[in-house]
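Colleague: Have a look at the structure that comes next, please.
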Amino acid sequence: WKKLDILTGKNVIKIACRRDEALFLDTRGTVWSCSTLNNTDPSYVSTDDYDVTKPTKMEYFMENEIDIRDIKCGENFSIAIDFDGQIYSWGNGQDGQLGHGELKSLNEPRLIDRLKNKVITQIECGRRHCYAKSEDGMHYLWGSNYYQECLKENRRDEISVNLP
């Protein structure tokens, strides 16, 4: 193991881990990432390209001045919620777990448009599916439905639920 000196004094309040990335959230809403992902291809993993022991601030959130309230990880994807209740997702999307209506991967966060008019108060991740609860008490599930995780009864007809 190695001490992560760069996070000393950053007041990290949450850590979330997936197969190829560790996320750290500090009290200022900054998300730090240690990742083995290549910048151009989210499915490529190499420890030669990145110093995985050195967390870096996630550029997307910094460039767009987005402060994050919570982070969660599934098996190989991540979601985050900002202080306005908006959800962002990135990583492997092969089962629709990113919630963008397509089965593709993203190497940087993207706002889940389908929920942008909702104020989301809670997020959770399973292995390949997600859950969100909105301020008005609505519940949303999306992603893999192989074991009926998204509450669709006939898993043979609908393996993935792409949209929340």
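Note on naming: chains are A, B, ... as they come in the structure tokens, residues start from 1 per chain, ligands start from 1 in the order shown.
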Name all residues at most 10 Å from range 112-126 of chain A (count only C-alpha atoms; drop same-chain ones fewer than 4 positions away) and give them as a PyMOL selection string.

Modeller: chain A and resi 69-75+77-89+97-101+130-144+149+163-164

Colleague: DSSP on the backbone, then: every residue of range 9-153 of chain A marked strand (DSSP E), written as a PyMOL selection string.

Modeller: chain A and resi 12-18+21-26+31-35+37-38+41-45+56-57+68-73+77-82+87-91+106-111+120-125+129-134+139-144

Colleague: When you count only C-alpha atoms, which of these residues is closest to Lys14 in chain A: A:Lys104, A:Arg28, A:His129, A:Lys54?

Modeller: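 Result for the nearest residue to Lys14 in chain A: A:Arg28.
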
Colleague: To one decimal place, how far is CA of Leu111 in chain A from CA of Met62 in chain A in Å?

Modeller: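 Separating CA of Leu111 in chain A from CA of Met62 in chain A is a distance of 14.4 Å.
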
Colleague: Between CA of Pro109 in chain A and CA of Lys3 in chain A, what is the distance, to one decimal in Å?

Modeller: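 Atom-to-atom, CA of Pro109 in chain A and CA of Lys3 in chain A are spaced 26.8 Å apart.
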
Colleague: For a quick check of understanding, using only C-alpha atoms, which of A:Asn92, A:Ser35, A:Ser105, A:Thr30 has the smallest distance to Glu65 in chain A?

Modeller: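 Closest residue, counting only C-alpha atoms: A:Thr30.
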
Colleague: Mind giving me the straight-line distance from CA of Asp5 in chain A to CA of Asn107 in chain A in Å, one decimal?

Modeller: 25.4 Å

Colleague: Within 8 Å of Met58 in chain A, counting only C-alpha atoms, which residues qualify if same-chain residues fewer than 5 places away don't, as a list of chain:residue names?

Modeller: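 Near neighbours after the sequence-gap exclusion: A:Thr30, A:Val31, A:Trp32, A:Ser33.
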
Colleague: Smallest atom-to-atom distance to Thr56 in chain A: which of A:Thr27, A:Val12, A:Cys34, A:Gly96, using only C-alpha atoms?

Modeller: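 Among A:Thr27, A:Val12, A:Cys34, A:Gly96, it is A:Cys34 that comes nearest to Thr56 in chain A.
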
Colleague: Apply DSSP to the backbone of this structure and, from range 2-132 of chain A, keep only the residues in helix (DSSP H, G or I); write these as a list in words.

Modeller: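 Residues of range 2-132 of chain A classed as helix (DSSP H, G or I): Asp5, Ile6, Leu7, Glu59, Tyr60, Phe61, Met62, Glu63, Asp113, Arg114 and Leu115 of chain A.
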